[in-house]
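Peer 1: This is model_20.tsv (TSV, C-alpha atoms).
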chain	number	residue	atom	x	y	z
A	1	MET	CA	0.00	0.00	0.00
A	2	SER	CA	1.47	3.37	-1.03
A	3	ASP	CA	1.84	6.29	1.38
A	4	ASN	CA	1.98	8.97	-1.39
A	5	PRO	CA	-0.60	11.66	-0.49
A	6	PHE	CA	-0.64	12.98	-4.09
A	7	GLU	CA	-1.49	9.69	-5.67
A	8	ASP	CA	-4.75	9.61	-7.57
A	9	LYS	CA	-6.93	7.08	-5.86
A	10	GLY	CA	-10.09	7.65	-7.82
A	11	SER	CA	-13.38	8.36	-6.24
A	12	SER	CA	-12.94	5.93	-3.42
A	13	GLY	CA	-9.73	7.34	-1.88
A	14	GLY	CA	-8.61	10.78	-0.78
A	15	ALA	CA	-8.80	13.35	-3.63
A	16	ASN	CA	-5.75	15.28	-4.83
A	17	PRO	CA	-6.39	18.95	-4.03
A	18	PHE	CA	-4.08	20.12	-6.90
A	19	ALA	CA	-5.66	17.95	-9.57
A	20	GLU	CA	-8.08	19.44	-12.11
A	21	PRO	CA	-11.65	18.19	-11.65
A	22	ALA	CA	-12.96	15.92	-14.31
A	23	ALA	CA	-15.65	16.91	-16.76
A	24	GLY	CA	-19.06	16.80	-15.22
A	25	LYS	CA	-17.71	17.20	-11.75
A	26	GLY	CA	-17.10	20.14	-9.59
A	27	GLY	CA	-18.95	23.41	-9.67
A	28	GLY	CA	-21.63	23.61	-12.29
A	29	GLY	CA	-21.65	23.08	-15.95
A	30	GLY	CA	-18.47	21.01	-16.18
A	31	GLU	CA	-16.12	24.05	-16.57
A	32	PHE	CA	-13.17	24.84	-14.38
A	33	HIS	CA	-13.66	27.96	-12.28
A	34	ASN	CA	-10.55	30.03	-11.31
A	35	PRO	CA	-11.28	31.99	-8.14
A	36	PHE	CA	-8.45	34.51	-8.99
A	37	GLU	CA	-9.65	35.32	-12.49
A	38	GLN	CA	-10.74	38.91	-13.18
A	39	PRO	CA	-14.28	39.37	-14.46
A	40	ALA	CA	-14.56	40.31	-18.13
A	41	PRO	CA	-15.54	43.92	-19.07
A	42	ALA	CA	-19.17	44.63	-19.77
A	43	ALA	CA	-18.50	45.33	-23.45
A	44	GLN	CA	-16.79	41.98	-23.93
A	45	VAL	CA	-19.58	40.19	-22.05
A	46	ALA	CA	-22.10	41.85	-24.32
A	47	VAL	CA	-20.19	40.78	-27.42
A	48	ALA	CA	-19.73	37.29	-26.10
A	49	SER	CA	-23.38	36.92	-25.27
A	50	GLY	CA	-24.60	38.64	-28.45
A	51	GLY	CA	-26.74	41.07	-26.46
A	52	VAL	CA	-25.68	44.22	-28.36
A	53	SER	CA	-27.76	44.90	-31.42
A	54	GLY	CA	-27.07	47.13	-34.37
A	55	GLY	CA	-23.29	46.52	-34.66
A	56	SER	CA	-20.25	45.69	-32.65
A	57	ALA	CA	-19.44	47.00	-29.20
A	58	TYR	CA	-16.66	49.25	-30.57
A	59	GLU	CA	-19.09	51.03	-32.85
A	60	THR	CA	-21.64	51.75	-30.13
A	61	ALA	CA	-19.20	52.47	-27.27
A	62	PRO	CA	-18.30	56.14	-26.63
A	63	ALA	CA	-15.17	57.40	-28.39
A	64	PRO	CA	-12.16	57.79	-26.14
A	65	THR	CA	-11.19	61.32	-25.30
A	66	SER	CA	-7.91	62.41	-26.93
A	67	THR	CA	-5.16	63.59	-24.58
A	68	PHE	CA	-3.21	65.38	-27.31
A	69	GLY	CA	-3.34	69.14	-26.82
A	70	ALA	CA	-5.34	68.83	-23.62
A	71	TYR	CA	-4.32	72.29	-22.51
A	72	ASP	CA	-5.17	73.84	-25.89
A	73	THR	CA	-8.46	72.21	-27.02
A	74	GLY	CA	-10.00	71.26	-23.72
A	75	ALA	CA	-10.08	67.48	-24.04
A	76	TYR	CA	-11.93	67.21	-20.74
A	77	GLY	CA	-14.75	69.44	-21.87
A	78	GLY	CA	-15.05	73.06	-22.84
A	79	SER	CA	-12.72	75.24	-24.84
A	80	ALA	CA	-11.19	77.05	-21.84
A	81	GLY	CA	-8.63	74.35	-21.03
A	82	ALA	CA	-8.36	70.86	-19.70
A	83	TYR	CA	-9.77	71.74	-16.30
A	84	GLY	CA	-12.50	74.10	-17.48
A	85	ALA	CA	-12.74	77.79	-16.78
A	86	GLY	CA	-15.47	77.57	-14.20
A	87	GLN	CA	-13.73	75.23	-11.76
A	88	PRO	CA	-12.27	76.92	-8.68
A	89	GLY	CA	-8.52	76.63	-8.27
A	90	ALA	CA	-7.94	75.79	-11.93
A	91	PRO	CA	-4.61	77.01	-13.38
A	92	LYS	CA	-4.85	80.13	-15.51
A	93	ALA	CA	-3.45	80.35	-18.99
A	94	PHE	CA	-0.34	82.53	-19.51
A	95	ASN	CA	-1.14	85.90	-21.02
A	96	PRO	CA	1.90	87.39	-22.84
A	97	THR	CA	0.23	90.76	-23.34
A	98	PRO	CA	1.64	93.30	-20.80
A	99	VAL	CA	-0.85	95.08	-18.64
A	100	PRO	CA	-0.70	98.83	-19.33
A	101	PRO	CA	-0.10	100.99	-16.25
A	102	SER	CA	-2.94	102.92	-14.83
A	103	ASN	CA	-3.19	106.69	-15.05
A	104	GLY	CA	-1.94	107.12	-11.49
A	105	GLU	CA	1.21	105.03	-12.06
A	106	ALA	CA	1.99	106.86	-15.31
A	107	THR	CA	1.68	110.21	-13.56
A	108	VAL	CA	4.10	109.13	-10.81
A	109	ARG	CA	6.67	107.97	-13.35
A	110	VAL	CA	6.45	111.21	-15.28
A	111	ARG	CA	7.01	113.17	-12.08
A	112	GLU	CA	10.06	111.06	-11.20
A	113	LEU	CA	11.59	111.65	-14.64
A	114	ASP	CA	10.95	115.38	-14.33
A	115	ASP	CA	12.66	115.45	-10.91
A	116	ARG	CA	15.71	113.62	-12.23
A	117	GLU	CA	15.98	115.94	-15.21
A	118	ARG	CA	15.73	118.95	-12.90
A	119	VAL	CA	18.53	117.60	-10.70
A	120	LEU	CA	20.78	117.02	-13.73
A	121	ASP	CA	20.15	120.55	-14.96
A	122	ASP	CA	21.08	121.96	-11.54
A	123	ARG	CA	24.32	119.99	-11.51
A	124	GLU	CA	25.20	121.15	-15.01
A	125	ARG	CA	24.65	124.79	-14.06
A	126	GLU	CA	26.76	124.33	-10.92
A	127	LEU	CA	29.65	122.84	-12.91
A	128	ALA	CA	29.46	125.67	-15.42
A	129	ARG	CA	29.55	128.22	-12.58
A	130	ARG	CA	32.58	126.59	-10.97
A	131	GLU	CA	34.41	126.45	-14.28
A	132	ALA	CA	33.74	130.13	-14.85
A	133	GLU	CA	35.09	130.93	-11.38
A	134	LEU	CA	38.24	128.93	-12.00
A	135	VAL	CA	38.84	130.68	-15.29
A	136	ALA	CA	38.28	134.08	-13.66
A	137	ASN	CA	40.71	133.25	-10.83
A	138	GLY	CA	43.36	131.82	-13.12
A	139	GLY	CA	42.78	128.21	-12.16
A	140	LEU	CA	42.40	126.94	-15.72
A	141	LYS	CA	45.15	128.22	-17.95
A	142	LYS	CA	46.65	126.66	-21.01
A	143	LYS	CA	50.13	125.21	-20.71
A	144	ASN	CA	52.72	127.28	-22.54
A	145	TYR	CA	56.18	126.44	-21.19
A	146	PRO	CA	58.97	125.86	-22.15
A	147	PHE	CA	58.43	125.65	-25.93
A	148	PRO	CA	54.95	126.82	-26.98
A	149	GLY	CA	53.57	124.86	-29.92
A	150	CYS	CA	56.25	122.16	-29.63
A	151	PHE	CA	56.75	120.87	-26.09
A	152	VAL	CA	54.86	122.24	-23.08
A	153	PHE	CA	54.26	120.79	-19.64
A	154	VAL	CA	53.30	123.73	-17.38
A	155	TYR	CA	51.79	127.19	-17.42
A	156	HIS	CA	54.33	129.99	-16.92
A	157	SER	CA	53.76	133.72	-17.29
A	158	ILE	CA	55.76	136.24	-15.28
A	159	GLN	CA	53.92	139.09	-16.92
A	160	ASP	CA	50.44	137.89	-15.79
A	161	ASP	CA	51.13	136.13	-12.48
A	162	ILE	CA	53.81	138.18	-10.73
A	163	PRO	CA	53.18	141.63	-9.20
A	164	GLU	CA	55.14	144.55	-10.63
A	165	ASP	CA	57.44	145.04	-7.64
A	166	LYS	CA	58.55	141.38	-7.69
A	167	LYS	CA	58.94	140.84	-11.40
A	168	PRO	CA	62.69	141.74	-11.51
A	169	ALA	CA	63.54	139.09	-8.87
A	170	VAL	CA	61.57	136.41	-10.67
A	171	LYS	CA	63.13	137.33	-14.01
A	172	MET	CA	66.63	137.04	-12.52
A	173	ALA	CA	65.75	133.63	-11.07
A	174	HIS	CA	64.40	132.58	-14.46
A	175	TYR	CA	67.64	133.66	-16.16
A	176	ALA	CA	69.60	131.61	-13.60
A	177	PHE	CA	67.44	128.60	-14.34
A	178	VAL	CA	67.91	128.94	-18.11
A	179	ILE	CA	71.70	129.31	-17.68
A	180	THR	CA	71.76	126.21	-15.46
A	181	VAL	CA	69.90	124.14	-18.06
A	182	THR	CA	72.18	125.40	-20.83
A	183	ALA	CA	75.32	124.62	-18.83
A	184	LEU	CA	74.16	121.10	-18.02
A	185	CYS	CA	73.33	120.41	-21.66
A	186	TRP	CA	76.74	121.70	-22.79
A	187	ASN	CA	78.46	119.63	-20.13
A	188	PHE	CA	76.66	116.50	-21.38
A	189	LEU	CA	77.73	117.15	-24.98
A	190	ALA	CA	81.34	117.71	-23.92
A	191	ALA	CA	81.34	114.52	-21.84
A	192	THR	CA	79.91	112.57	-24.77
A	193	ALA	CA	82.71	113.81	-27.05
A	194	ALA	CA	85.32	112.98	-24.39
A	195	MET	CA	83.94	109.48	-24.05
A	196	PHE	CA	84.48	108.76	-27.75
A	197	MET	CA	87.90	110.39	-27.84
A	198	PHE	CA	89.39	109.40	-24.48
A	199	GLN	CA	87.11	106.51	-23.42
A	200	SER	CA	85.98	108.49	-20.39
A	201	VAL	CA	82.84	106.49	-19.55
A	202	MET	CA	82.60	107.64	-15.92
A	203	GLY	CA	82.66	111.32	-16.91
A	204	TRP	CA	79.86	110.78	-19.44
A	205	LEU	CA	77.79	108.91	-16.85
A	206	MET	CA	78.11	111.73	-14.30
A	207	ALA	CA	77.21	114.32	-16.95
A	208	ALA	CA	74.09	112.32	-17.84
A	209	ILE	CA	73.09	112.18	-14.16
A	210	TYR	CA	73.62	115.93	-13.75
A	211	LEU	CA	71.46	116.67	-16.77
A	212	GLY	CA	68.70	114.16	-15.98
A	213	ALA	CA	68.38	115.09	-12.31
A	214	GLY	CA	69.63	118.67	-12.22
A	215	VAL	CA	67.04	120.23	-14.54
A	216	PRO	CA	63.86	118.96	-12.83
A	217	LEU	CA	65.32	119.48	-9.34
A	218	ALA	CA	66.29	123.06	-10.15
A	219	TRP	CA	62.76	123.73	-11.43
A	220	ILE	CA	61.00	122.19	-8.44
A	221	LEU	CA	63.31	123.06	-5.54
A	222	TRP	CA	64.22	126.68	-6.12
A	223	TYR	CA	62.83	128.35	-9.23
A	224	ARG	CA	59.23	127.25	-8.75
A	225	ARG	CA	59.56	128.20	-5.08
A	226	ILE	CA	60.44	131.80	-5.75
A	227	TYR	CA	57.87	132.03	-8.53
A	228	SER	CA	55.10	130.86	-6.18
A	229	ALA	CA	56.41	132.95	-3.26
A	230	CYS	CA	56.33	136.14	-5.32
A	231	LYS	CA	52.92	135.30	-6.75
A	232	HIS	CA	51.28	134.64	-3.37
A	233	ASP	CA	53.64	136.76	-1.20
A	234	SER	CA	54.70	133.78	0.96
A	235	ALA	CA	57.51	134.30	3.49
A	236	LEU	CA	58.02	130.57	3.92
A	237	GLY	CA	58.46	130.21	0.17
A	238	PHE	CA	61.19	132.85	0.17
A	239	LEU	CA	62.99	131.11	3.04
A	240	TRP	CA	62.91	127.78	1.23
A	241	PHE	CA	64.24	129.42	-1.95
A	242	PHE	CA	67.22	131.01	-0.21
A	243	ILE	CA	68.26	127.76	1.47
A	244	VAL	CA	68.06	125.62	-1.67
A	245	PHE	CA	69.58	128.30	-3.91
A	246	LEU	CA	72.64	128.48	-1.65
A	247	VAL	CA	73.11	124.74	-2.19
A	248	HIS	CA	72.75	125.29	-5.92
A	249	ILE	CA	75.43	128.02	-5.87
A	250	GLY	CA	77.79	125.65	-4.04
A	251	PHE	CA	77.21	122.97	-6.70
A	252	CYS	CA	77.90	125.49	-9.48
A	253	ILE	CA	81.22	126.47	-7.81
A	254	TYR	CA	82.21	122.81	-7.55
A	255	ALA	CA	81.36	122.17	-11.20
A	256	PHE	CA	83.17	125.34	-12.35
A	257	THR	CA	86.44	124.55	-10.58
A	258	GLY	CA	86.45	121.04	-12.10
A	259	MET	CA	88.15	119.28	-9.18
A	260	SER	CA	89.12	115.80	-10.28
A	261	SER	CA	89.06	114.42	-6.76
Once you've parsed the file, please lay out its structure as structure tokens.
Peer 2:
Amino acid sequence: MSDNPFEDKGSSGGANPFAEPAAGKGGGGGEFHNPFEQPAPAAQVAVASGGVSGGSAYETAPAPTSTFGAYDTGAYGGSAGAYGAGQPGAPKAFNPTPVPPSNGEATVRVRELDDRERVLDDRERELARREAELVANGGLKKKNYPFPGCFVFVYHSIQDDIPEDKKPAVKMAHYAFVITVTALCWNFLAATAAMFMFQSVMGWLMAAIYLGAGVPLAWILWYRRIYSACKHDSALGFLWFFIVFLVHIGFCIYAFTGMSS
């Protein structure tokens, strides 16, 4: 006798629970019934049973709603969009047309532009007034020294800037400055010739230093000092001129004697 619980023993023994029931047995009509099977749709049941008259189920069933262009044509009803225009909370369509400002906002903007234009006009008039004052006081004058029309770097006019009682002193200082520049230029040319003839490189180098540094220092340290002191009647400017000019005289004596040591 077999102990296999899955063995088919017919109708007399224990039935196999996994075996398919035979035809004519089981739950009604001799067909196998699957308890997990989904029920068929109503349209298919109608076709299967032949209960739909006048054509097939696909001809009488309602047409599916297209989802293409739902936001443009209103596939869910209405021409105002997919969600309808009358539903609360529905998204609104984007309107690219700018909303024109109201009359009150336009008036405020016009007033702001007028205020800004008024401020700019006031600033322009103020700048013009200051420029006129500078021109009247001699603040803006065209550069004319040392070679007008060729090379200029500063404004210089003894006739216009210096009072009458101080003009002789400034003219003498100007002559001393011109003589100093001329002497330094001549010294540089002589040192250049000596370098080519006697290979005196050190002499040429010192002459170049005297010319490159002596001219601007003479202009700044003593001639411009006396020019400004006479123009503005400054006692401190006169004191500074006398001290520096004494040093300049000592340098001229040293250069004139030509001491080799």
Peer 1: For Ala183 (chain A), which of A:Leu246, A:Leu211, A:Val110, A:Met195 is the closest residue, counting all atoms listed in the file?
Peer 2: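 Residue with the minimum atom-to-atom distance to Ala183 (chain A): A:Leu211.
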Peer 1: Which residue, A:Tyr223, A:Cys252, A:Thr257, A:Val244, has the smallest gap to Tyr175 (chain A) when you use only C-alpha atoms?
Peer 2: A:Tyr223
Peer 1: Could you tell me how far CA of Cys185 (chain A) lies from CA of Gly203 (chain A), in Å and to one decimal?
Peer 2: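 CA of Gly203 (chain A) lies 13.9 Å from CA of Cys185 (chain A).
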Peer 1: Rounded to one decimal place, report the CA of Tyr227 (chain A)-CA of Ile162 (chain A) distance in Å.
Peer 2: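 A separation of 7.7 Å between them.
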